[in-house]
>>> print(open('upload-v7.txt').read())   # compact mmCIF, C-alpha atoms
# COMPACT_ATOMS: atom_id res chain seq x y z
CA MET A 289 98.30 -11.93 18.10
CA SER A 290 96.81 -15.00 16.47
CA PRO A 291 93.58 -14.79 14.41
CA SER A 292 91.70 -16.69 17.09
CA GLU A 293 92.84 -14.29 19.81
CA GLY A 294 91.99 -11.25 17.67
CA ALA A 295 88.43 -12.49 17.22
CA LEU A 296 87.74 -12.73 20.94
CA PRO A 297 85.94 -9.81 22.61
CA ARG A 298 88.18 -7.28 24.33
CA ASN A 299 87.68 -3.95 26.03
CA ALA A 300 89.01 -0.54 24.96
CA ARG A 301 92.45 -1.34 26.37
CA GLY A 302 92.65 -4.59 24.41
CA GLU A 303 92.00 -6.74 27.49
CA MET A 304 89.63 -9.69 27.60
CA ALA A 305 86.07 -8.50 28.17
CA ASP A 306 84.67 -8.92 31.67
CA SER A 307 82.52 -11.91 32.51
CA ARG A 308 78.81 -11.42 31.90
CA SER A 309 77.71 -14.49 33.81
CA THR A 310 76.74 -12.43 36.88
CA GLY A 311 73.72 -10.94 35.14
CA GLU A 312 74.85 -7.39 35.95
CA VAL A 313 73.45 -4.75 33.59
CA HIS A 314 76.20 -2.50 32.26
CA PRO A 315 75.12 1.02 31.17
CA GLU A 316 77.19 0.87 27.97
CA ARG A 317 75.32 -2.28 26.91
CA ARG A 318 71.81 -0.91 27.12
CA GLY A 319 69.57 -0.66 24.07
CA TRP A 320 68.65 2.37 21.98
CA GLY A 321 65.23 2.97 23.54
CA ALA A 322 62.80 4.28 20.95
CA PHE A 323 65.01 3.11 18.09
CA GLY A 324 64.70 -0.55 19.07
CA SER A 325 66.30 -2.59 21.80
CA TYR A 326 67.95 -5.89 22.51
CA SER A 327 68.45 -7.70 25.77
CA LEU A 328 69.59 -5.46 28.62
CA SER A 329 73.00 -7.12 28.52
CA GLY A 330 73.47 -5.79 24.99
CA ASP A 331 73.76 -9.29 23.53
CA LEU A 332 71.60 -11.37 21.25
CA PRO A 333 69.65 -14.07 23.10
CA ARG A 334 71.49 -16.63 20.97
CA GLU A 335 74.80 -15.20 22.21
CA GLN A 336 74.36 -16.42 25.78
CA VAL A 337 76.50 -19.47 25.10
CA LEU A 338 79.26 -17.09 23.95
CA ALA A 339 78.98 -15.18 27.21
CA LEU A 340 79.37 -18.41 29.16
CA LEU A 341 82.43 -19.39 27.15
CA GLU A 342 83.97 -15.95 27.69
CA ALA A 343 83.35 -16.26 31.42
CA ARG A 344 85.02 -19.67 31.43
CA ILE A 345 88.03 -18.30 29.52
CA GLY A 346 88.39 -15.57 32.11
CA GLN A 347 88.26 -18.11 34.94
CA VAL A 348 90.91 -20.33 33.35
CA GLU A 349 93.22 -17.34 32.83
CA GLN A 350 93.03 -16.62 36.57
CA GLN A 351 93.10 -20.24 37.76
CA SER A 352 96.21 -20.80 39.85
CA ASP A 353 96.08 -24.59 40.25
CA LEU A 354 96.90 -25.24 36.59
CA THR A 355 100.32 -25.60 35.08
CA ALA A 356 101.27 -23.34 32.19
CA THR A 357 100.87 -26.24 29.79
CA GLN A 358 97.44 -27.18 31.14
CA ARG A 359 96.26 -23.57 31.06
CA ALA A 360 97.45 -23.10 27.46
CA ALA A 361 95.75 -26.30 26.33
CA GLU A 362 92.44 -25.44 28.03
CA LEU A 363 92.47 -21.88 26.69
CA SER A 364 93.17 -23.16 23.19
CA ARG A 365 90.23 -25.55 23.44
CA LEU A 366 87.86 -22.90 24.80
CA ARG A 367 88.89 -20.28 22.26
CA GLY A 368 88.42 -22.78 19.45
CA GLU A 369 84.96 -23.61 20.77
CA TRP A 370 84.16 -19.88 21.03
CA LEU A 371 85.19 -19.29 17.42
CA ARG A 372 83.12 -22.21 16.13
CA THR A 373 80.09 -21.12 18.11
CA ALA A 374 80.39 -17.46 17.12
CA ARG A 375 80.74 -18.41 13.47
CA ASP A 376 77.58 -20.53 13.65
CA VAL A 377 75.59 -17.84 15.49
CA TYR A 378 76.53 -15.00 13.15
CA THR A 379 76.20 -17.02 9.96
CA GLY A 380 72.57 -17.74 10.74
CA LEU A 381 71.34 -14.32 11.86
CA GLN A 382 67.72 -13.53 11.05
CA PRO A 383 66.76 -10.03 9.81
CA TRP A 384 65.54 -8.88 13.25
CA GLU A 385 68.71 -10.21 14.87
CA THR A 386 70.79 -8.31 12.32
CA VAL A 387 68.99 -5.15 13.47
CA PHE A 388 70.25 -5.90 17.00
CA VAL A 389 73.83 -6.22 15.80
CA ALA A 390 73.69 -3.07 13.66
CA ARG A 391 72.57 -1.13 16.75
CA HIS A 392 74.95 -2.78 19.18
CA PRO A 393 76.18 -0.19 21.73
CA ARG A 394 79.80 -1.31 21.29
CA ARG A 395 79.72 -1.33 17.50
CA PRO A 396 82.47 0.89 16.02
CA LEU A 397 81.30 4.43 15.31
CA VAL A 398 82.57 7.04 12.88
CA GLY A 399 85.09 8.23 15.49
CA ASP A 400 86.51 4.72 15.84
CA TYR A 401 87.05 4.37 12.10
CA ILE A 402 88.63 7.82 11.92
CA HIS A 403 90.94 6.86 14.78
CA HIS A 404 92.04 3.62 13.13
CA VAL A 405 92.34 4.50 9.43
CA VAL A 406 92.27 8.29 8.87
CA ARG A 407 95.67 9.91 9.23
CA ASP A 408 96.13 13.60 10.13
CA PHE A 409 92.38 14.11 10.51
CA CYS A 410 91.40 17.78 10.74
CA GLU A 411 87.78 18.19 11.77
CA LEU A 412 85.77 21.01 10.20
CA HIS A 413 82.74 22.56 11.91
CA GLY A 414 79.63 24.55 11.07
CA ASP A 415 77.32 24.96 8.08
CA ARG A 416 78.06 28.71 7.67
CA VAL A 417 74.30 29.33 7.91
CA PHE A 418 72.90 28.30 11.28
CA GLY A 419 75.21 26.25 13.48
CA ASP A 420 77.28 23.12 14.04
CA ASP A 421 75.51 19.79 14.42
CA PRO A 422 77.60 17.17 16.29
CA ALA A 423 75.51 14.39 14.70
CA ILE A 424 77.51 14.92 11.48
CA VAL A 425 81.32 14.78 11.54
CA THR A 426 83.37 16.23 8.67
CA GLY A 427 87.05 16.78 8.06
CA PHE A 428 90.08 16.35 5.83
CA GLY A 429 92.51 13.49 6.33
CA SER A 430 94.10 10.65 4.41
CA ILE A 431 93.24 6.98 4.02
CA ALA A 432 95.99 4.70 2.69
CA ASP A 433 97.99 7.81 1.73
CA GLN A 434 95.04 9.14 -0.30
CA PRO A 435 93.78 12.61 0.76
CA VAL A 436 90.04 12.43 1.46
CA MET A 437 87.15 14.38 2.91
CA VAL A 438 85.41 12.24 5.54
CA VAL A 439 81.72 12.89 6.20
CA GLY A 440 79.83 10.66 8.61
CA HIS A 441 77.04 10.26 11.12
CA ASN A 442 77.98 10.33 14.80
CA ARG A 443 75.79 8.41 17.26
CA GLY A 444 77.99 9.02 20.29
CA ARG A 445 79.37 6.45 22.71
CA SER A 446 78.63 7.76 26.20
CA ILE A 447 75.19 8.83 27.37
CA ASP A 448 76.20 12.51 27.25
CA GLU A 449 77.55 12.13 23.71
CA ARG A 450 74.42 10.35 22.54
CA VAL A 451 72.19 13.04 23.94
CA ALA A 452 74.34 15.80 22.45
CA CYS A 453 74.07 14.36 18.94
CA ASN A 454 70.50 13.03 19.29
CA PHE A 455 71.64 9.41 18.88
CA GLY A 456 72.90 10.16 15.37
CA CYS A 457 69.72 11.93 14.22
CA ALA A 458 70.99 15.04 12.45
CA HIS A 459 69.29 18.42 12.09
CA PRO A 460 69.21 20.28 8.75
CA GLU A 461 72.38 22.16 9.70
CA GLY A 462 74.18 18.82 9.92
CA TYR A 463 73.39 17.99 6.32
CA ARG A 464 74.19 21.54 5.23
CA LYS A 465 77.54 21.18 6.99
CA GLY A 466 78.19 17.90 5.22
CA LEU A 467 77.36 19.33 1.81
CA ALA A 468 79.41 22.50 2.39
CA LYS A 469 82.48 20.41 3.23
CA MET A 470 81.90 18.10 0.27
CA ARG A 471 81.80 21.13 -2.01
CA LEU A 472 85.04 22.30 -0.41
CA ALA A 473 86.55 18.91 -1.22
CA GLU A 474 85.35 19.25 -4.81
CA LYS A 475 87.05 22.64 -5.02
CA PHE A 476 90.41 21.08 -4.16
CA GLY A 477 89.86 17.85 -6.12
CA VAL A 478 89.75 15.66 -3.00
CA PRO A 479 87.66 12.43 -3.03
CA ILE A 480 84.83 12.03 -0.50
CA VAL A 481 84.26 9.11 1.90
CA SER A 482 80.88 9.03 3.64
CA LEU A 483 80.23 6.75 6.63
CA ILE A 484 76.54 6.11 7.25
CA ASP A 485 75.18 5.25 10.69
CA THR A 486 71.86 6.84 11.66
CA PRO A 487 68.35 5.67 12.50
CA ARG A 488 66.78 8.70 10.79
CA THR A 489 66.88 12.49 10.64
CA TYR A 490 65.96 14.41 13.78
CA PRO A 491 62.16 13.98 14.14
CA GLY A 492 61.41 17.24 16.01
CA THR A 493 59.47 20.31 14.91
CA SER A 494 62.65 22.42 14.86
CA ALA A 495 64.01 20.30 12.01
CA GLU A 496 60.82 20.69 10.03
CA GLU A 497 60.76 24.43 10.63
CA GLN A 498 64.27 24.66 9.17
CA GLY A 499 63.31 22.71 6.05
CA MET A 500 64.59 19.20 6.63
CA ALA A 501 62.99 17.75 3.48
CA MET A 502 64.42 20.51 1.29
CA THR A 503 67.86 20.09 2.89
CA ILE A 504 67.94 16.35 2.16
CA ALA A 505 66.73 16.97 -1.39
CA GLU A 506 69.48 19.54 -1.93
CA ASN A 507 72.09 17.02 -0.75
CA LEU A 508 70.78 14.35 -3.12
CA LYS A 509 70.84 16.74 -6.05
CA ALA A 510 74.23 18.24 -5.30
CA MET A 511 76.04 14.98 -4.51
CA SER A 512 74.91 13.46 -7.79
CA GLY A 513 76.88 16.17 -9.60
CA LEU A 514 80.03 16.59 -7.48
CA ARG A 515 83.05 16.27 -9.74
CA VAL A 516 85.14 14.07 -7.44
CA PRO A 517 84.83 10.36 -6.52
CA ILE A 518 82.39 9.56 -3.70
CA VAL A 519 82.57 6.28 -1.77
CA SER A 520 79.88 5.46 0.80
CA VAL A 521 79.91 2.75 3.48
CA VAL A 522 77.06 1.79 5.81
CA ILE A 523 78.88 1.02 9.06
CA GLY A 524 75.84 0.39 11.26
CA GLU A 525 72.26 1.49 10.75
CA GLY A 526 71.21 3.31 7.59
CA GLY A 527 67.72 4.62 8.16
CA SER A 528 65.38 6.63 5.93
CA GLY A 529 66.32 10.02 4.45
CA GLY A 530 68.87 10.52 7.20
CA ALA A 531 71.02 7.87 5.53
CA LEU A 532 70.23 8.91 1.96
CA GLY A 533 71.40 12.44 2.67
CA LEU A 534 75.01 11.20 2.66
CA ALA A 535 74.66 8.07 0.51
CA VAL A 536 74.70 9.31 -3.10
CA GLY A 537 77.93 8.42 -4.85
CA ASP A 538 79.94 6.21 -7.16
CA ARG A 539 80.49 3.16 -4.96
CA MET A 540 78.51 1.95 -1.96
CA ALA A 541 79.27 -0.88 0.44
CA MET A 542 77.67 -2.23 3.59
CA PHE A 543 79.25 -4.07 6.45
CA GLU A 544 77.96 -7.61 6.72
CA HIS A 545 75.74 -7.02 9.77
CA SER A 546 74.65 -3.46 8.99
CA ILE A 547 71.17 -2.50 7.78
CA PHE A 548 69.81 -0.01 5.24
CA SER A 549 66.09 0.69 4.86
CA VAL A 550 63.49 3.31 4.06
CA ILE A 551 62.08 3.07 7.58
CA SER A 552 62.90 1.32 10.84
CA PRO A 553 61.23 -2.06 11.45
CA GLU A 554 59.43 -0.53 14.45
CA GLY A 555 58.12 2.35 12.36
CA CYS A 556 57.05 0.04 9.54
CA ALA A 557 55.20 -2.23 11.97
CA ALA A 558 53.48 0.74 13.60
CA ILE A 559 52.15 1.85 10.20
CA LEU A 560 51.13 -1.55 8.80
CA TRP A 561 49.99 -3.33 11.97
CA LYS A 562 49.35 -0.34 14.25
CA THR A 563 51.82 -1.76 16.76
CA SER A 564 55.60 -2.01 16.90
CA ALA A 565 55.24 -5.52 18.33
CA ASN A 566 55.40 -6.84 14.76
CA ALA A 567 58.82 -5.31 14.13
CA LYS A 568 60.32 -8.76 13.61
CA ALA A 569 58.01 -9.45 10.66
CA ALA A 570 58.62 -5.96 9.32
CA ALA A 571 62.39 -6.47 9.41
CA ALA A 572 62.04 -9.56 7.23
CA ALA A 573 59.75 -7.80 4.75
CA LEU A 574 61.96 -4.72 4.42
CA LYS A 575 64.93 -6.67 2.96
CA LEU A 576 67.26 -4.45 4.97
CA ARG A 577 70.27 -6.74 5.30
CA ALA A 578 73.42 -6.23 3.28
CA ALA A 579 73.07 -9.54 1.42
CA ASP A 580 69.48 -8.70 0.43
CA LEU A 581 70.44 -5.27 -0.88
CA LEU A 582 73.39 -6.68 -2.80
CA GLN A 583 71.05 -9.12 -4.51
CA LEU A 584 68.68 -6.26 -5.36
CA GLY A 585 71.52 -4.26 -6.87
CA LEU A 586 71.27 -1.36 -4.42
CA VAL A 587 74.77 -1.78 -2.98
CA ASP A 588 77.98 -2.74 -4.74
CA GLU A 589 79.76 -4.80 -2.11
CA VAL A 590 79.31 -6.45 1.29
CA LEU A 591 82.26 -6.06 3.67
CA ALA A 592 82.98 -9.04 5.92
CA GLU A 593 83.01 -8.40 9.66
CA PRO A 594 85.19 -10.04 12.31
CA ILE A 595 83.80 -13.28 13.70
CA GLY A 596 81.17 -12.29 16.24
CA GLY A 597 80.52 -8.87 14.68
CA ALA A 598 82.44 -5.63 14.22
CA HIS A 599 81.78 -4.68 17.85
CA ARG A 600 84.19 -7.40 18.96
CA ASN A 601 87.18 -6.14 16.98
CA HIS A 602 87.17 -2.49 15.89
CA ALA A 603 90.67 -2.60 14.43
CA GLN A 604 89.91 -5.53 12.13
CA ALA A 605 86.69 -3.91 10.90
CA ALA A 606 88.58 -0.66 10.28
CA ALA A 607 91.23 -2.50 8.26
CA THR A 608 88.49 -3.95 6.06
CA LEU A 609 87.05 -0.48 5.53
CA GLU A 610 90.48 0.91 4.65
CA ARG A 611 91.09 -1.77 2.03
CA PHE A 612 87.71 -1.16 0.40
CA VAL A 613 88.13 2.62 0.31
CA ALA A 614 91.70 2.40 -1.03
CA ARG A 615 90.70 -0.05 -3.76
CA SER A 616 87.59 1.91 -4.76
CA LEU A 617 89.34 5.27 -4.91
CA GLY A 618 92.20 3.70 -6.85
CA GLU A 619 89.73 2.51 -9.50
CA LEU A 620 87.62 5.67 -9.57
CA SER A 621 90.60 8.04 -9.74
CA LYS A 622 91.54 6.56 -13.13
CA LEU A 623 88.29 7.79 -14.69
CA SER A 624 87.90 11.17 -16.36
CA THR A 625 85.47 13.57 -14.68
CA ASN A 626 82.90 13.20 -17.47
CA THR A 627 83.07 9.40 -17.31
CA LEU A 628 82.79 9.50 -13.51
CA LEU A 629 79.64 11.62 -13.64
CA GLU A 630 78.07 9.56 -16.42
CA ARG A 631 78.69 6.33 -14.52
CA ARG A 632 77.21 7.85 -11.38
CA PHE A 633 74.13 8.96 -13.32
CA GLN A 634 73.65 5.50 -14.83
CA ARG A 635 74.18 3.86 -11.45
CA LEU A 636 71.42 5.95 -9.92
CA ARG A 637 69.12 5.29 -12.88
CA ARG A 638 69.59 1.52 -12.51
CA MET A 639 68.56 1.48 -8.84
CA GLY A 640 65.43 -0.61 -8.35
CA SER A 641 65.57 -2.14 -11.83
CA SER A 642 66.41 -5.63 -10.53
CA PHE A 643 63.48 -5.45 -8.11
CA GLN A 644 61.13 -4.37 -10.89
CA GLU A 645 62.34 -7.21 -13.11
CA THR A 646 61.79 -9.70 -10.29
CA GLU A 647 58.23 -8.42 -9.80
CA ARG A 648 57.56 -8.57 -13.56
CA ILE A 649 58.67 -12.20 -13.76
CA ARG A 650 56.63 -13.07 -10.68
CA ASN A 651 53.50 -11.44 -12.07
CA THR A 652 53.79 -13.13 -15.46
CA ALA A 653 54.61 -16.58 -14.09
>>> encode(input="upload-v7.txt", output="structure tokens")
Amino acid sequence: MSPSEGALPRNARGEMADSRSTGEVHPERRGWGAFGSYSLSGDLPREQVLALLEARIGQVEQQSDLTATQRAAELSRLRGEWLRTARDVYTGLQPWETVFVARHPRRPLVGDYIHHVVRDFCELHGDRVFGDDPAIVTGFGSIADQPVMVVGHNRGRSIDERVACNFGCAHPEGYRKGLAKMRLAEKFGVPIVSLIDTPRTYPGTSAEEQGMAMTIAENLKAMSGLRVPIVSVVIGEGGSGGALGLAVGDRMAMFEHSIFSVISPEGCAAILWKTSANAKAAAAALKLRAADLLQLGLVDEVLAEPIGGAHRNHAQAAATLERFVARSLGELSKLSTNTLLERRFQRLRRMGSSFQETERIRNTA
């Protein structure tokens, strides 16, 4: 498969995606309801030209009055135009548009990354206290021949899956499960890979009754002292304490069109302007994009996505993740335990320092 073909949108079987020119609303392309939405087609408004090009590609592939040479030439032209257009659209995404992409219903989830890059995955269940929360997935496996413990948020793909795991909003038992498995990994000297993709913790009274704040605090404290390497990657949406509960570690990366923030743009707008209608302005003010957070020193690396976003090519996004994890663990595994913990401590202490320095210079100018 050529690079241009790999960048084009395809369905789960690897076939060209269906035409969206009919205006039909597909259930798997609907928005996330209370956690923000996009157009009912699941695409950015600026992506409509891409949808038209995809429809035209599908028509040419089925057109019987063309010779093989003519069809190949026309498909080459259309695919080239699609690539140029997609590159332009995704290079110029605004913060609110990046929120759309991070929440895209076809964006690869933790299960997709496990399928593509984790070998011999053995899922582990339960927190040994209360129950098993499907919003957090844990298990042993190997990435690039390196044994790892994978811990990640699960948003679910189908409607039933999303409801079962509360759209990736974990209960306290989910974070207790994650920490219990990370401690198990520490016992056997196995590095930890955390994949972050959640809008927030579960916002119901049951979570508060079970001590959600204390559970998150315990995770933050414990992860800072685990004696094995910890690599974290934001694969979609990293929201509030729900993301932080799995994000403490030695190395943290974000995919190019993922987001990471203390609160959702809708929630921020509701607090500051008393209406979520100003979510677009809130998204810009929150500095939630990967490039912004890299500049602020809060993440270590931005992982490039396939042209048109990770939702268009799961395998390519997974390969990027695998390379980052393999390289990071290779570097971290060379450090002694004491050096690893000291570096982690200093990394956490430095967080926010670049922002404070920027504010100091601005105030004294």
>>> closest_residue(input="upload-v7.txt", among="A:Arg638, A:Arg464, A:Arg395, A:Arg611", to="A:Ala432", atoms="all atoms listed in the file")
A:Arg611
>>> closest_residue(input="upload-v7.txt", among="A:Lys469, A:His441, A:Arg372, A:His459", to="A:Arg416", atoms="all atoms listed in the file")
A:Lys469
>>> closest_atom_pairs(input="upload-v7.txt", of="stretch 436-481 of chain A", to="stretch 503-526 of chain A", cutoff="7 Å", atoms="only C-alpha atoms", output="CSV")
residue,atom,partner,partner_atom,distance
A:Pro460,CA,A:Thr503,CA,6.0
A:Tyr463,CA,A:Thr503,CA,6.8
A:Arg464,CA,A:Thr503,CA,6.9
A:Leu467,CA,A:Asn507,CA,6.3
A:Glu474,CA,A:Val516,CA,5.8
A:Gly477,CA,A:Val516,CA,6.2
A:Val478,CA,A:Val516,CA,6.6
A:Pro479,CA,A:Pro517,CA,4.9
A:Ile480,CA,A:Ile518,CA,4.7
A:Val481,CA,A:Val519,CA,4.9
>>> residues_around(input="upload-v7.txt", residues="A:Val406", least_positions_apart="5", cutoff="6 Å", atoms="all atoms listed in the file", output="VMD selection string")
chain A and resid 429 to 431
>>> axis_aligned_box(input="upload-v7.txt", around="stretch 609-613 of chain A", padding_each_side="3 Å", output="JSON")
{"center_x": 89.1, "center_y": 0.4, "center_z": 2.9, "size_x": 10.0, "size_y": 10.4, "size_z": 11.2}
>>> closest_residue(input="upload-v7.txt", among="A:Met502, A:Ala607, A:Ile559, A:Leu341", to="A:Glu369", atoms="only C-alpha atoms")
A:Leu341
>>> closest_residue(input="upload-v7.txt", among="A:Lys568, A:Gly597, A:Ala473, A:Leu483", to="A:Leu371", atoms="only C-alpha atoms")
A:Gly597
>>> atom_distance(input="upload-v7.txt", atom1="atom CA of A:Arg615", atom2="atom CA of A:Asp538")
12.9 Å
>>> atom_distance(input="upload-v7.txt", atom1="atom CA of A:Glu496", atom2="atom CA of A:Gly462")
13.5 Å
>>> closest_residue(input="upload-v7.txt", among="A:Gln604, A:Thr493, A:Gln583, A:Thr625", to="A:Met639", atoms="only C-alpha atoms")
A:Gln583
>>> atom_distance(input="upload-v7.txt", atom1="atom CA of A:Glu619", atom2="atom CA of A:His404")
22.8 Å
>>> closest_residue(input="upload-v7.txt", among="A:Glu362, A:Glu335, A:Glu342, A:Glu497", to="A:Tyr378", atoms="all atoms listed in the file")
A:Glu335
>>> residues_around(input="upload-v7.txt", residues="A:Leu582", least_positions_apart="3", cutoff="12 Å", atoms="only C-alpha atoms", output="PDB file with C-alpha atoms, in the coordinates of the input")
ATOM      1  CA  MET A 540      78.510   1.950  -1.960  1.00  0.00           C
ATOM      2  CA  ALA A 541      79.270  -0.880   0.440  1.00  0.00           C
ATOM      3  CA  MET A 542      77.670  -2.230   3.590  1.00  0.00           C
ATOM      4  CA  PHE A 543      79.250  -4.070   6.450  1.00  0.00           C
ATOM      5  CA  GLU A 544      77.960  -7.610   6.720  1.00  0.00           C
ATOM      6  CA  ILE A 547      71.170  -2.500   7.780  1.00  0.00           C
ATOM      7  CA  PHE A 548      69.810  -0.010   5.240  1.00  0.00           C
ATOM      8  CA  LYS A 575      64.930  -6.670   2.960  1.00  0.00           C
ATOM      9  CA  LEU A 576      67.260  -4.450   4.970  1.00  0.00           C
ATOM     10  CA  ARG A 577      70.270  -6.740   5.300  1.00  0.00           C
ATOM     11  CA  ALA A 578      73.420  -6.230   3.280  1.00  0.00           C
ATOM     12  CA  ALA A 579      73.070  -9.540   1.420  1.00  0.00           C
ATOM     13  CA  GLY A 585      71.520  -4.260  -6.870  1.00  0.00           C
ATOM     14  CA  LEU A 586      71.270  -1.360  -4.420  1.00  0.00           C
ATOM     15  CA  VAL A 587      74.770  -1.780  -2.980  1.00  0.00           C
ATOM     16  CA  ASP A 588      77.980  -2.740  -4.740  1.00  0.00           C
ATOM     17  CA  GLU A 589      79.760  -4.800  -2.110  1.00  0.00           C
ATOM     18  CA  VAL A 590      79.310  -6.450   1.290  1.00  0.00           C
ATOM     19  CA  LEU A 591      82.260  -6.060   3.670  1.00  0.00           C
ATOM     20  CA  MET A 639      68.560   1.480  -8.840  1.00  0.00           C
ATOM     21  CA  GLY A 640      65.430  -0.610  -8.350  1.00  0.00           C
ATOM     22  CA  SER A 642      66.410  -5.630 -10.530  1.00  0.00           C
ATOM     23  CA  PHE A 643      63.480  -5.450  -8.110  1.00  0.00           C
TER      24      PHE A 643
END
>>> decode(input="upload-v7.txt", residues="stretch 476-493 of chain A", atoms="N, CA and C atoms", output="short mmCIF file (atom, residue, chain, number, x, y, z; two decimals), in the first residue's frame")
data_model
loop_
_atom_site.label_atom_id
_atom_site.label_comp_id
_atom_site.auth_asym_id
_atom_site.auth_seq_id
_atom_site.Cartn_x
_atom_site.Cartn_y
_atom_site.Cartn_z
N PHE A 476 6.95 -7.12 39.98
CA PHE A 476 7.68 -7.98 39.05
C PHE A 476 8.67 -7.20 38.18
N GLY A 477 8.85 -5.91 38.47
CA GLY A 477 9.81 -5.11 37.72
C GLY A 477 9.42 -4.83 36.29
N VAL A 478 8.11 -4.73 36.02
CA VAL A 478 7.61 -4.53 34.66
C VAL A 478 7.23 -3.06 34.46
N PRO A 479 7.72 -2.40 33.40
CA PRO A 479 7.36 -1.01 33.13
C PRO A 479 5.86 -0.85 32.89
N ILE A 480 5.39 0.38 33.06
CA ILE A 480 3.96 0.70 32.94
C ILE A 480 3.74 1.66 31.78
N VAL A 481 2.72 1.37 30.96
CA VAL A 481 2.31 2.25 29.87
C VAL A 481 0.86 2.64 30.11
N SER A 482 0.61 3.93 30.30
CA SER A 482 -0.76 4.39 30.53
C SER A 482 -1.26 5.16 29.31
N LEU A 483 -2.47 4.84 28.87
CA LEU A 483 -3.09 5.46 27.70
C LEU A 483 -4.30 6.25 28.18
N ILE A 484 -4.26 7.56 27.98
CA ILE A 484 -5.23 8.47 28.59
C ILE A 484 -6.25 8.91 27.55
N ASP A 485 -7.53 8.71 27.88
CA ASP A 485 -8.61 9.11 26.97
C ASP A 485 -9.92 9.16 27.75
N THR A 486 -10.17 10.26 28.43
CA THR A 486 -11.37 10.40 29.24
C THR A 486 -11.78 11.86 29.35
N PRO A 487 -13.07 12.15 29.34
CA PRO A 487 -13.50 13.54 29.54
C PRO A 487 -13.39 13.98 30.98
N ARG A 488 -13.51 13.02 31.92
CA ARG A 488 -13.48 13.35 33.35
C ARG A 488 -13.74 12.08 34.15
N THR A 489 -13.71 12.16 35.46
CA THR A 489 -14.16 11.05 36.28
C THR A 489 -15.69 10.99 36.25
N TYR A 490 -16.25 9.89 36.71
CA TYR A 490 -17.70 9.76 36.74
C TYR A 490 -18.29 10.83 37.67
N PRO A 491 -19.24 11.65 37.17
CA PRO A 491 -19.72 12.79 37.95
C PRO A 491 -20.94 12.50 38.84
N GLY A 492 -21.22 11.25 39.15
CA GLY A 492 -22.40 10.91 39.93
C GLY A 492 -22.13 10.87 41.43
N THR A 493 -23.21 10.84 42.20
CA THR A 493 -23.09 10.82 43.67
C THR A 493 -22.43 9.54 44.16
#
